[in-house]
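A.B. asks: Can you read through this structure? Questions will come right after.
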Amino acid sequence: MTGFLIVLTLAIFFAYCGMKIGPMYMEFYSVKQALKGIAEDNSVASSSKDQIRTLFQRRLEMSYASYVKTLNVLKFENGQNGKMMVVDYERRETLFGNLDVVGKFHAEQVLPGGGASD
């Protein structure tokens, strides 16, 4: 009986950790999908940075990415393949007490048609 309780306790602990960590990665997947969707849009090549940021925010709203939506994380950088959209953020979730799980996320996508104008 003691062995069963130990295994059950470990299973519950790992399930709890999964419930805290899983949504962070699901939201990051939504961010990557939003960047990919913007890059596939033909009208982005002639759009300004503000218009692209608005598109990004709308795509995040559709995918219920509420944490990233509150941050202004979309940046534009010059990369080897041209202009790039870069999202770089950190998310912290409390497990219990003073113990936190920290996730650092980084996604980038090349802008089609040479990128956004200012």
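Order determines the names: the first chain of the structure tokens is A, the second B, and so forth; residues in each chain are numbered 1 upward, and ligands are numbered 1 upward as they are shown.
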For stretch 79-117 of chain A versus stretch 18-40 of chain A, which residues have an atom no more than 10 Å away, and what is each residue's nearest atom pair and distance in Å rounded to one decimal, using only C-alpha atoms, chain-then-number order, as a tab-separated table?
C.D. replies:
residue	atom	partner	partner_atom	distance
A:Met84	CA	A:Ala39	CA	9.7
A:Met85	CA	A:Leu35	CA	7.5
A:Val86	CA	A:Leu35	CA	8.7
A:Val87	CA	A:Val31	CA	8.1
A:Tyr89	CA	A:Phe28	CA	9.7
A:Glu90	CA	A:Met24	CA	9.9
A:Arg91	CA	A:Met24	CA	7.4
A:Arg92	CA	A:Met24	CA	9.0
A:Glu93	CA	A:Lys20	CA	6.9
A:Thr94	CA	A:Lys20	CA	8.1
A:Leu95	CA	A:Lys20	CA	7.1
A:Val101	CA	A:Ile21	CA	7.6
A:Val102	CA	A:Ile21	CA	9.1
A:Gly103	CA	A:Met24	CA	7.5
A:Lys104	CA	A:Met24	CA	9.8
A:Phe105	CA	A:Phe28	CA	7.1
A:His106	CA	A:Phe28	CA	8.6
A:Ala107	CA	A:Lys32	CA	6.3
A:Glu108	CA	A:Leu35	CA	7.5
A:Gln109	CA	A:Leu35	CA	6.2
A:Val110	CA	A:Ala39	CA	6.9
A:Leu111	CA	A:Ala39	CA	5.6
A:Pro112	CA	A:Ala39	CA	5.9
A:Gly113	CA	A:Ala39	CA	9.5
A:Gly115	CA	A:Ala39	CA	9.6
A.B. asks: When DSSP is applied to the backbone of this structure, which of chain A are assigned helix (DSSP H, G or I)? Write them out as a PyMOL selection string.
C.D. replies: chain A and resi 2-40+42-46+49-62+66-69+112-114
A.B. asks: Do you have the atom CA of A:Ser46-atom CA of A:Arg59 distance handy?
C.D. replies: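 Answer for the atom CA of A:Ser46 to atom CA of A:Arg59 separation: 18.7 Å.
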A.B. asks: Kindly indicate which residue among A:Met1, A:Val68, A:Ile12, A:Leu74 lies nearest to A:Thr54, using only C-alpha atoms for the distances.
C.D. replies: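 The shortest atom-to-atom distance to A:Thr54 comes from A:Leu74.
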